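Peer 1: Next up, coords_0.csv (CSV, C-alpha atoms).
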```csv
chain,number,residue,atom,x,y,z
A,1,MET,CA,22.8,-16.7,26.7
A,2,LEU,CA,21.2,-16.1,23.3
A,3,ALA,CA,20.7,-19.0,20.8
A,4,VAL,CA,21.8,-17.0,17.9
A,5,LYS,CA,21.3,-17.4,14.1
A,6,THR,CA,23.7,-16.5,11.4
A,7,PRO,CA,22.6,-13.8,8.9
A,8,GLU,CA,22.3,-16.5,6.2
A,9,GLU,CA,20.0,-18.5,8.5
A,10,VAL,CA,17.9,-15.4,9.1
A,11,TYR,CA,17.5,-14.9,5.3
A,12,GLU,CA,16.1,-18.5,5.1
A,13,ILE,CA,13.8,-17.9,8.0
A,14,ILE,CA,12.4,-14.8,6.3
A,15,LYS,CA,11.7,-16.9,3.2
A,16,THR,CA,10.0,-19.8,5.0
A,17,GLU,CA,8.1,-18.0,7.8
A,18,PHE,CA,6.7,-14.9,6.2
A,19,ALA,CA,4.3,-15.4,3.3
A,20,GLN,CA,3.5,-12.9,0.6
A,21,ILE,CA,0.3,-10.9,1.4
A,22,THR,CA,-2.4,-11.5,-1.2
A,23,ASP,CA,-5.6,-9.7,-2.1
A,24,ARG,CA,-4.2,-6.2,-1.6
A,25,THR,CA,-4.0,-4.7,-5.0
A,26,GLY,CA,-5.4,-1.4,-6.3
A,27,ARG,CA,-4.9,1.2,-9.0
A,28,VAL,CA,-3.3,4.6,-8.8
A,29,ALA,CA,-2.6,7.4,-11.2
A,30,TYR,CA,0.7,6.9,-13.0
A,31,THR,CA,1.9,10.2,-11.5
A,32,GLU,CA,1.6,8.6,-8.1
A,33,ALA,CA,3.1,5.2,-8.9
A,34,ALA,CA,6.8,5.8,-8.4
A,35,GLY,CA,8.2,3.6,-5.7
A,36,ARG,CA,5.1,1.4,-5.7
A,37,VAL,CA,5.2,-2.4,-6.5
A,38,LEU,CA,3.6,-3.4,-9.7
A,39,ALA,CA,0.7,-5.9,-9.2
A,40,GLU,CA,0.3,-7.1,-12.8
A,41,ASP,CA,2.5,-7.4,-15.9
A,42,ILE,CA,2.3,-4.4,-18.2
A,43,ARG,CA,2.1,-5.0,-21.9
A,44,ALA,CA,2.0,-2.4,-24.7
A,45,ALA,CA,-1.4,-1.9,-26.3
A,46,GLU,CA,-0.2,0.3,-29.1
A,47,TYR,CA,2.8,1.3,-31.2
A,48,VAL,CA,5.3,3.7,-29.6
A,49,PRO,CA,6.1,5.8,-31.5
A,50,ALA,CA,2.9,5.6,-33.6
A,51,PHE,CA,4.7,6.9,-36.7
A,52,ASN,CA,8.1,7.2,-38.3
A,53,ARG,CA,9.8,10.3,-36.8
A,54,SER,CA,13.0,12.2,-37.2
A,55,THR,CA,15.6,12.4,-34.5
A,56,VAL,CA,17.3,15.6,-35.9
A,57,ASP,CA,16.5,18.9,-37.6
A,58,GLY,CA,17.1,18.4,-41.3
A,59,PHE,CA,15.6,17.0,-44.5
A,60,ALA,CA,13.6,13.9,-45.0
A,61,VAL,CA,15.0,12.0,-48.1
A,62,CYS,CA,14.9,8.8,-50.0
A,63,ALA,CA,18.3,7.4,-48.9
A,64,LYS,CA,19.2,6.1,-52.3
A,65,ASP,CA,19.0,9.6,-53.7
A,66,THR,CA,22.0,10.5,-51.5
A,67,PHE,CA,24.3,7.6,-52.4
A,68,GLY,CA,27.7,8.7,-53.6
A,69,CYS,CA,27.2,12.4,-52.8
A,70,SER,CA,29.9,14.6,-51.2
A,71,ASP,CA,30.9,18.2,-50.5
A,72,SER,CA,32.2,18.5,-54.1
A,73,ILE,CA,29.4,16.5,-55.7
A,74,PRO,CA,26.2,17.1,-53.7
A,75,ALA,CA,22.9,15.4,-54.4
A,76,ILE,CA,20.7,18.2,-55.6
A,77,LEU,CA,17.1,17.5,-54.6
A,78,GLN,CA,13.8,19.4,-55.2
A,79,ASN,CA,12.3,20.9,-52.1
A,80,ALA,CA,8.9,19.4,-51.2
A,81,GLN,CA,6.5,21.0,-48.7
A,82,GLU,CA,7.7,21.6,-45.1
A,83,ILE,CA,6.8,19.2,-42.3
A,84,PHE,CA,5.6,20.8,-39.0
A,85,MET,CA,5.6,19.4,-35.5
A,86,GLY,CA,2.4,17.9,-34.2
A,87,GLN,CA,1.0,17.5,-37.7
A,88,ALA,CA,0.7,14.6,-40.1
A,89,ALA,CA,3.1,14.9,-43.1
A,90,GLY,CA,0.1,14.4,-45.4
A,91,PHE,CA,2.0,13.8,-48.6
A,92,ILE,CA,4.2,11.3,-50.4
A,93,LEU,CA,7.8,12.2,-50.9
A,94,LYS,CA,8.8,11.5,-54.5
A,95,GLU,CA,12.3,10.3,-55.5
A,96,GLY,CA,14.6,13.2,-56.2
A,97,SER,CA,12.9,15.4,-53.5
A,98,CYS,CA,13.5,16.3,-49.9
A,99,ALA,CA,11.4,17.9,-47.2
A,100,PRO,CA,12.4,20.1,-44.3
A,101,ILE,CA,11.6,18.3,-41.0
A,102,PRO,CA,12.1,19.2,-37.4
A,103,THR,CA,13.2,16.9,-34.6
A,104,GLY,CA,10.2,14.7,-33.8
A,105,GLY,CA,8.5,15.4,-37.0
A,106,GLU,CA,6.6,12.7,-38.9
A,107,LEU,CA,8.4,11.3,-42.0
A,108,PRO,CA,6.2,11.5,-45.1
A,109,GLU,CA,5.4,8.3,-47.0
A,110,GLY,CA,8.3,7.4,-49.3
A,111,ALA,CA,11.0,8.9,-47.1
A,112,ASP,CA,13.3,6.4,-45.3
A,113,ALA,CA,16.0,8.7,-43.8
A,114,VAL,CA,16.8,12.2,-42.6
A,115,GLN,CA,20.0,14.1,-43.2
A,116,MET,CA,21.0,16.7,-40.6
A,117,ILE,CA,20.7,20.3,-41.7
A,118,GLU,CA,24.5,20.7,-41.1
A,119,TYR,CA,25.2,18.6,-44.1
A,120,THR,CA,22.9,20.4,-46.5
A,121,GLU,CA,23.0,23.6,-48.6
A,122,ASP,CA,20.0,25.8,-49.6
A,123,TYR,CA,20.6,27.0,-53.2
A,124,GLY,CA,17.7,29.5,-53.1
A,125,ASP,CA,16.1,28.2,-56.2
A,126,GLY,CA,13.8,25.6,-54.7
A,127,THR,CA,16.5,23.0,-54.5
A,128,THR,CA,18.7,21.7,-51.6
A,129,GLY,CA,22.1,20.1,-51.8
A,130,ILE,CA,22.8,17.0,-49.7
A,131,LEU,CA,26.5,16.9,-48.9
A,132,LYS,CA,26.8,13.6,-47.1
A,133,PRO,CA,25.1,10.3,-47.9
A,134,VAL,CA,22.7,8.5,-45.5
A,135,ALA,CA,21.6,4.9,-45.3
A,136,PRO,CA,18.0,3.8,-44.9
A,137,GLY,CA,16.8,4.4,-41.3
A,138,HIS,CA,19.5,7.1,-40.6
A,139,ASN,CA,18.4,9.7,-38.0
A,140,VAL,CA,15.0,8.0,-37.9
A,141,ILE,CA,12.9,6.2,-35.2
A,142,LEU,CA,10.5,3.8,-36.9
A,143,LYS,CA,7.0,3.2,-35.9
A,144,GLY,CA,7.0,0.7,-33.0
A,145,ASP,CA,10.8,0.9,-32.5
A,146,ASP,CA,10.2,1.6,-28.8
A,147,VAL,CA,7.3,-0.9,-28.2
A,148,SER,CA,4.7,-2.7,-30.3
A,149,PRO,CA,1.3,-4.1,-29.2
A,150,GLY,CA,1.6,-7.2,-27.0
A,151,ARG,CA,5.2,-6.6,-25.9
A,152,LEU,CA,6.0,-7.2,-22.2
A,153,VAL,CA,7.4,-3.9,-20.9
A,154,LEU,CA,7.3,-4.3,-17.0
A,155,ARG,CA,6.9,-7.4,-14.9
A,156,ALA,CA,4.7,-7.8,-11.9
A,157,GLY,CA,6.6,-7.4,-8.6
A,158,ARG,CA,8.9,-4.6,-9.9
A,159,LYS,CA,9.2,-1.5,-7.7
A,160,LEU,CA,8.5,1.3,-10.2
A,161,THR,CA,11.2,3.8,-10.9
A,162,PRO,CA,10.9,7.3,-12.5
A,163,GLN,CA,12.1,5.8,-15.8
A,164,ASP,CA,9.2,3.2,-15.6
A,165,ILE,CA,6.8,6.1,-15.1
A,166,GLY,CA,8.1,7.6,-18.3
A,167,ALA,CA,7.4,4.4,-20.2
A,168,LEU,CA,3.9,4.2,-18.7
A,169,ALA,CA,3.2,7.8,-19.8
A,170,ALA,CA,4.5,7.0,-23.3
A,171,MET,CA,2.2,4.0,-23.6
A,172,GLY,CA,-0.8,6.1,-22.4
A,173,ILE,CA,-1.3,4.0,-19.2
A,174,ALA,CA,-2.9,6.5,-16.9
A,175,GLU,CA,-3.8,4.1,-14.1
A,176,VAL,CA,-1.4,1.5,-12.8
A,177,PRO,CA,-2.2,-1.7,-10.9
A,178,VAL,CA,-0.1,-1.7,-7.8
A,179,VAL,CA,0.2,-3.5,-4.5
A,180,ARG,CA,-1.0,-1.4,-1.5
A,181,ARG,CA,1.8,0.0,0.7
A,182,LEU,CA,2.6,-2.2,3.6
A,183,LYS,CA,1.7,-0.7,7.0
A,184,VAL,CA,4.4,-0.9,9.7
A,185,GLY,CA,3.8,-0.3,13.4
A,186,ILE,CA,6.6,1.3,15.3
A,187,LEU,CA,7.0,1.3,19.1
A,188,SER,CA,9.9,2.5,21.2
A,189,THR,CA,10.3,1.3,24.8
A,190,GLY,CA,12.4,2.7,27.7
A,191,ASP,CA,11.9,4.8,30.8
A,192,GLU,CA,14.9,6.9,29.6
A,193,LEU,CA,13.3,8.0,26.3
A,194,VAL,CA,11.8,11.4,25.5
A,195,SER,CA,10.6,12.7,22.1
A,196,PRO,CA,13.1,14.5,19.8
A,197,GLU,CA,11.3,17.8,20.5
A,198,GLU,CA,11.9,17.6,24.2
A,199,SER,CA,15.0,18.5,26.2
A,200,PRO,CA,16.3,15.4,28.0
A,201,GLY,CA,16.5,15.5,31.8
A,202,PRO,CA,19.1,13.7,33.9
A,203,GLY,CA,19.5,10.1,32.6
A,204,GLN,CA,17.2,10.7,29.7
A,205,ILE,CA,17.9,10.6,25.9
A,206,ARG,CA,15.9,11.5,22.8
A,207,ASP,CA,14.1,8.7,21.0
A,208,VAL,CA,16.1,8.2,17.8
A,209,ASN,CA,14.9,4.8,16.6
A,210,SER,CA,11.3,5.8,16.0
A,211,SER,CA,12.3,8.6,13.6
A,212,LEU,CA,15.1,6.5,12.1
A,213,THR,CA,12.9,3.4,11.3
A,214,ALA,CA,10.0,5.6,10.1
A,215,ALA,CA,12.3,7.3,7.6
A,216,LEU,CA,13.6,3.9,6.5
A,217,MET,CA,10.0,2.6,6.0
A,218,GLU,CA,9.3,5.7,3.8
A,219,GLN,CA,12.5,4.9,1.7
A,220,PHE,CA,11.4,1.3,1.4
A,221,GLY,CA,7.9,2.2,0.2
A,222,ALA,CA,6.0,1.3,3.4
A,223,VAL,CA,3.7,3.4,5.6
A,224,SER,CA,4.8,3.8,9.2
A,225,VAL,CA,2.3,4.1,12.1
A,226,SER,CA,3.6,5.3,15.4
A,227,PHE,CA,2.4,3.7,18.6
A,228,GLY,CA,4.4,6.0,20.8
A,229,ILE,CA,7.2,5.9,23.3
A,230,LEU,CA,6.3,3.5,26.0
A,231,PRO,CA,7.8,3.2,29.5
A,232,ASP,CA,9.1,-0.1,30.8
A,233,GLN,CA,5.7,-1.4,31.8
A,234,GLU,CA,5.1,-4.9,30.4
A,235,GLU,CA,1.3,-4.7,30.5
A,236,LEU,CA,1.2,-1.5,28.5
A,237,LEU,CA,3.7,-2.8,26.0
A,238,SER,CA,1.6,-6.0,25.7
A,239,ARG,CA,-1.6,-4.0,24.9
A,240,LYS,CA,0.2,-1.8,22.4
A,241,VAL,CA,2.0,-4.7,20.6
A,242,GLN,CA,-1.3,-6.6,20.3
A,243,GLU,CA,-3.0,-3.4,18.9
A,244,ALA,CA,-0.2,-2.9,16.4
A,245,ALA,CA,-0.2,-6.5,15.3
A,246,GLN,CA,-3.9,-6.3,14.6
A,247,GLU,CA,-3.7,-3.1,12.6
A,248,CYS,CA,-0.4,-3.5,10.7
A,249,ASP,CA,1.4,-5.9,8.4
A,250,LEU,CA,4.7,-5.7,10.4
A,251,VAL,CA,5.6,-4.5,13.9
A,252,LEU,CA,8.9,-3.1,15.0
A,253,ILE,CA,9.7,-2.8,18.7
A,254,SER,CA,12.7,-0.7,19.4
A,255,GLY,CA,14.4,-1.6,22.7
A,256,GLY,CA,13.6,-4.3,25.1
A,257,SER,CA,15.5,-6.9,23.1
A,258,SER,CA,18.5,-7.5,25.4
A,259,VAL,CA,18.6,-10.2,28.0
A,260,GLY,CA,17.5,-8.5,31.2
A,261,VAL,CA,14.8,-8.4,33.9
A,262,ARG,CA,13.2,-5.3,32.5
A,263,ASP,CA,13.4,-6.3,28.8
A,264,ALA,CA,9.9,-7.6,28.2
A,265,ALA,CA,9.7,-7.8,24.4
A,266,CYS,CA,10.3,-11.5,24.2
A,267,ARG,CA,7.7,-12.2,26.9
A,268,VAL,CA,5.1,-10.0,25.2
A,269,ILE,CA,5.6,-11.6,21.8
A,270,GLU,CA,5.4,-15.1,23.3
A,271,ARG,CA,2.2,-14.2,25.1
A,272,HIS,CA,0.4,-13.3,21.9
A,273,GLY,CA,2.3,-15.4,19.3
A,274,GLU,CA,5.7,-17.1,19.0
A,275,ILE,CA,9.4,-16.4,19.1
A,276,LEU,CA,11.2,-17.6,16.0
A,277,PHE,CA,14.7,-16.9,17.5
A,278,HIS,CA,16.4,-14.4,19.7
A,279,GLY,CA,19.9,-13.3,18.6
A,280,ILE,CA,21.8,-12.9,15.3
A,281,ALA,CA,25.5,-13.7,15.1
A,282,MET,CA,26.4,-10.2,13.8
A,283,LYS,CA,27.9,-6.9,15.1
A,284,PRO,CA,26.1,-4.6,15.6
A,285,GLY,CA,22.6,-6.1,16.3
A,286,LYS,CA,23.1,-9.3,18.1
A,287,PRO,CA,20.1,-9.1,20.5
A,288,THR,CA,17.5,-8.9,17.7
A,289,ILE,CA,14.2,-10.8,18.2
A,290,PHE,CA,12.2,-12.3,15.4
A,291,GLY,CA,8.7,-13.4,16.2
A,292,LYS,CA,5.1,-13.7,14.8
A,293,ILE,CA,1.8,-12.6,16.2
A,294,GLY,CA,-1.2,-13.8,14.2
A,295,GLY,CA,1.1,-14.8,11.4
A,296,ARG,CA,2.5,-11.2,11.2
A,297,PRO,CA,6.2,-10.5,11.7
A,298,VAL,CA,7.1,-8.8,15.0
A,299,ILE,CA,10.7,-7.7,15.2
A,300,GLY,CA,12.5,-6.6,18.4
A,301,LEU,CA,15.2,-4.2,17.4
A,302,PRO,CA,18.2,-3.3,19.5
A,303,GLY,CA,17.9,0.0,21.3
A,304,HIS,CA,21.2,1.3,20.0
A,305,PRO,CA,20.5,3.3,16.9
A,306,VAL,CA,23.3,2.1,14.7
A,307,ALA,CA,22.4,-1.5,15.5
A,308,ALA,CA,18.7,-0.8,14.8
A,309,PHE,CA,19.6,0.8,11.5
A,310,PHE,CA,21.6,-2.1,10.2
A,311,ILE,CA,19.0,-4.7,11.3
A,312,THR,CA,16.2,-2.7,9.6
A,313,HIS,CA,18.2,-2.2,6.4
A,314,ILE,CA,19.5,-5.7,6.1
A,315,PHE,CA,16.6,-7.8,7.4
A,316,VAL,CA,13.4,-5.8,7.8
A,317,ARG,CA,13.8,-4.6,4.2
A,318,ARG,CA,13.9,-8.3,3.1
A,319,ILE,CA,10.8,-9.0,5.1
A,320,LEU,CA,9.0,-6.1,3.4
A,321,ALA,CA,10.0,-7.5,0.0
A,322,GLN,CA,8.8,-11.0,1.0
A,323,LEU,CA,5.5,-9.7,2.2
A,324,GLY,CA,5.1,-7.4,-0.8
A,325,GLY,CA,6.1,-10.0,-3.4
A,326,TYR,CA,9.0,-8.1,-5.0
A,327,GLU,CA,12.7,-8.8,-5.4
A,328,LEU,CA,15.3,-6.5,-3.9
A,329,ARG,CA,17.7,-5.0,-6.5
A,330,ASP,CA,21.0,-4.4,-4.7
A,331,ILE,CA,23.8,-3.7,-7.1
A,332,PRO,CA,27.0,-3.7,-5.0
A,333,VAL,CA,29.8,-1.2,-5.6
A,334,ARG,CA,33.3,-2.6,-5.6
A,335,ALA,CA,35.7,-0.5,-3.6
A,336,CYS,CA,39.1,-0.6,-1.9
A,337,LEU,CA,39.5,-0.1,1.9
A,338,ALA,CA,41.3,3.0,2.8
A,339,GLU,CA,42.6,1.4,6.0
A,340,SER,CA,42.6,-1.9,7.8
A,341,VAL,CA,39.6,-3.0,9.8
A,342,GLU,CA,39.7,-5.5,12.6
A,343,ALA,CA,36.7,-7.8,13.1
A,344,ASN,CA,35.1,-9.6,16.0
A,345,HIS,CA,35.8,-13.3,15.4
A,346,GLY,CA,32.7,-15.5,15.4
A,347,ARG,CA,30.2,-12.8,14.3
A,348,ALA,CA,29.6,-11.1,10.9
A,349,GLN,CA,30.6,-7.5,11.3
A,350,TYR,CA,28.8,-4.7,9.4
A,351,ASN,CA,30.7,-1.5,8.8
A,352,GLY,CA,29.5,1.8,7.4
A,353,VAL,CA,31.7,3.6,4.9
A,354,PHE,CA,32.1,6.9,3.1
A,355,LEU,CA,33.0,6.5,-0.5
A,356,GLU,CA,35.5,8.6,-2.4
A,357,ASP,CA,36.2,8.6,-6.1
A,358,ARG,CA,40.0,8.9,-6.4
A,359,ASP,CA,41.1,9.2,-10.0
A,360,GLY,CA,38.5,6.6,-11.1
A,361,ARG,CA,39.2,4.3,-8.2
A,362,ILE,CA,36.5,3.9,-5.5
A,363,ILE,CA,38.0,4.2,-2.0
A,364,ALA,CA,35.9,3.1,1.1
A,365,HIS,CA,36.7,4.9,4.3
A,366,PRO,CA,35.4,2.8,7.2
A,367,ILE,CA,33.4,4.4,10.0
A,368,ARG,CA,34.8,4.1,13.5
A,369,GLY,CA,32.3,4.2,16.3
A,370,LYS,CA,30.1,2.4,18.7
A,371,SER,CA,26.6,1.1,18.0
A,372,GLY,CA,24.9,3.8,20.1
A,373,LEU,CA,26.5,6.7,18.1
A,374,ILE,CA,24.1,7.4,15.2
A,375,THR,CA,25.9,10.5,14.1
A,376,THR,CA,28.8,8.4,12.9
A,377,LEU,CA,26.5,7.1,10.1
A,378,ALA,CA,25.2,10.6,9.1
A,379,GLY,CA,26.3,11.4,5.6
A,380,SER,CA,27.7,7.9,4.9
A,381,ASP,CA,27.1,6.0,1.7
A,382,GLY,CA,26.8,2.3,2.4
A,383,TYR,CA,28.2,-0.7,4.3
A,384,PHE,CA,30.2,-3.8,3.8
A,385,CYS,CA,30.3,-7.1,5.7
A,386,ILE,CA,33.3,-8.9,7.2
A,387,PRO,CA,32.3,-12.6,7.4
A,388,ARG,CA,32.2,-14.2,10.9
A,389,ASP,CA,35.1,-16.5,10.1
A,390,CYS,CA,37.4,-13.6,9.2
A,391,GLU,CA,39.3,-11.6,11.8
A,392,GLY,CA,39.6,-8.5,9.7
A,393,LEU,CA,40.6,-7.0,6.4
A,394,PRO,CA,43.9,-5.2,5.4
A,395,ALA,CA,44.1,-1.8,3.9
A,396,ASP,CA,43.5,-1.8,0.1
A,397,ALA,CA,41.4,-5.0,0.3
A,398,GLU,CA,38.7,-5.1,-2.3
A,399,ILE,CA,35.2,-5.1,-0.7
A,400,SER,CA,31.6,-5.1,-1.9
A,401,VAL,CA,29.6,-2.1,-0.6
A,402,THR,CA,25.8,-2.1,-0.4
A,403,LEU,CA,24.5,1.4,-0.9
A,404,TYR,CA,22.0,2.8,1.6
A,405,SER,CA,20.0,4.2,-1.3
A,406,ALA,CA,19.0,0.7,-2.4
A,407,GLY,CA,15.2,0.3,-1.8
```
Can you present the structure in this file as structure tokens?
Peer 2:
Amino acid sequence: MLAVKTPEEVYEIIKTEFAQITDRTGRVAYTEAAGRVLAEDIRAAEYVPAFNRSTVDGFAVCAKDTFGCSDSIPAILQNAQEIFMGQAAGFILKEGSCAPIPTGGELPEGADAVQMIEYTEDYGDGTTGILKPVAPGHNVILKGDDVSPGRLVLRAGRKLTPQDIGALAAMGIAEVPVVRRLKVGILSTGDELVSPEESPGPGQIRDVNSSLTAALMEQFGAVSVSFGILPDQEELLSRKVQEAAQECDLVLISGGSSVGVRDAACRVIERHGEILFHGIAMKPGKPTIFGKIGGRPVIGLPGHPVAAFFITHIFVRRILAQLGGYELRDIPVRACLAESVEANHGRAQYNGVFLEDRDGRIIAHPIRGKSGLITTLAGSDGYFCIPRDCEGLPADAEISVTLYSAG
């Protein structure tokens, strides 16, 4: 009988038992920084943009010269020299004048607005008519509107997104201080397992969990190291787990977590470290093991692929965040259940879903299947949880869906 923990208790154990890894920062080119965890705060060292610039094709003007103008009474302004992209304006715009300017062009000194070319008329005599008034700052981005020197732009601990990389490029930050990628050792156990490239013989199955967890580690920004498919030989497993714990920041053992004579993961972890608990009050994934070897997390995943997937996504992802010193950014999607779902009383139940946008309403179609059937999750979008004190949810119940794409 397993002495199980609730998911909430597991979250607290992760916080208290696994400390952030220190002294592991480095610098990478900004082009390689997406998905990496920022090691230091990023503050702007310069103005972005570095000059007042137009956001439209049109004419740079002194706004007050356009006040009161209209289609019938245009403001007639003298044409000044043209402004070109990538060049300084190089002159002062006098009152009563306007200057042709492209999108992104630098405003000349004296100009404080730009009118779109659609609201102008070229009279062919060196003058332009402005047909619609503009206020100061209209169609203009001012120097430092984006960032100014000293402004905090990105905080340490943030997992960098493509839009963050754009901001770094705009500020001229070519090298970024990042936390090194965590290294995760992956082992699969079982006499019945063969590699995905092989054709299974009688009683054999392909090893799904190694590929599945390695792909999840890649999604979560970690580096996976395969320690192979191991037969049910306790001494071999012991050597490999010890090797993985010495080389990696986190170890995942797939299989060998159930209560049985041949399930040796618990004994191996205890031999080299300690067991924190064995069993989580959830479905799927109850026989999960949490332990430590040399202070490093060692997790015994269930052999069933769907159970291994949920444990990795729900808990191992949190461990990686704890070790890496960053916060998870899950933004749940509110959806309505397409049909009723029964739950196993006494255990939190996690269900995968397919999401459908039906006339602006998000509908969640629950996946029906057993924990060993990984193809039931293929193509799905996320999952929801039915609390352990709830016996199910009716059709049309509102649920909170966690997307698998969350990293």
Peer 1: Taking all atoms listed in the file into account, which of A:Gly26, A:Gly255, A:Pro7, A:Gly294 comes nearest Met282 (chain A)?
Peer 2: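 Ranking A:Gly26, A:Gly255, A:Pro7, A:Gly294 by distance to Met282 (chain A), first place goes to A:Pro7.
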Peer 1: Using all atoms listed in the file, find the one residue out of A:Ala113, A:Leu301, A:Ile205, A:Ile173 that sits nearest to Val56 (chain A).
Peer 2: A:Ala113
Peer 1: If we count only C-alpha atoms, what is near Val61 (chain A) at a cut-off of 12 Å, once residues fewer than 5 positions away on the same chain are taken out, given as a VMD selection string?
Peer 2: chain A and resid 54 66 to 67 75 to 80 92 to 101 107 to 117 120 128 to 130 132 to 140
Peer 1: Go ahead and compute the interatomic distance for CA of Ile289 (chain A) and CA of His304 (chain A), in Å to one decimal.
Peer 2: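 Separation of CA of Ile289 (chain A) and CA of His304 (chain A): 14.1 Å.
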Peer 1: Find the distance between CA of Ile165 (chain A) and CA of Tyr30 (chain A) and write it in Å to one decimal.
Peer 2: 6.5 Å
Peer 1: At a cut-off of 12 Å, using only C-alpha atoms, what residues contact Pro387 (chain A)? Leave out same-chain residues fewer than 3 positions from it and give the result as a list in words.
Peer 2: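 With the cut-off at 12 Å, the set is Thr6, Pro7, Glu8, Ala281, Met282, Lys283, Glu342, Ala343, Asn344, His345, Gly346, Arg347, Ala348, Gln349, Tyr350, Asn351, Phe384, Cys390, Glu391, Gly392, Leu393, Ile399 and Ser400 of chain A.
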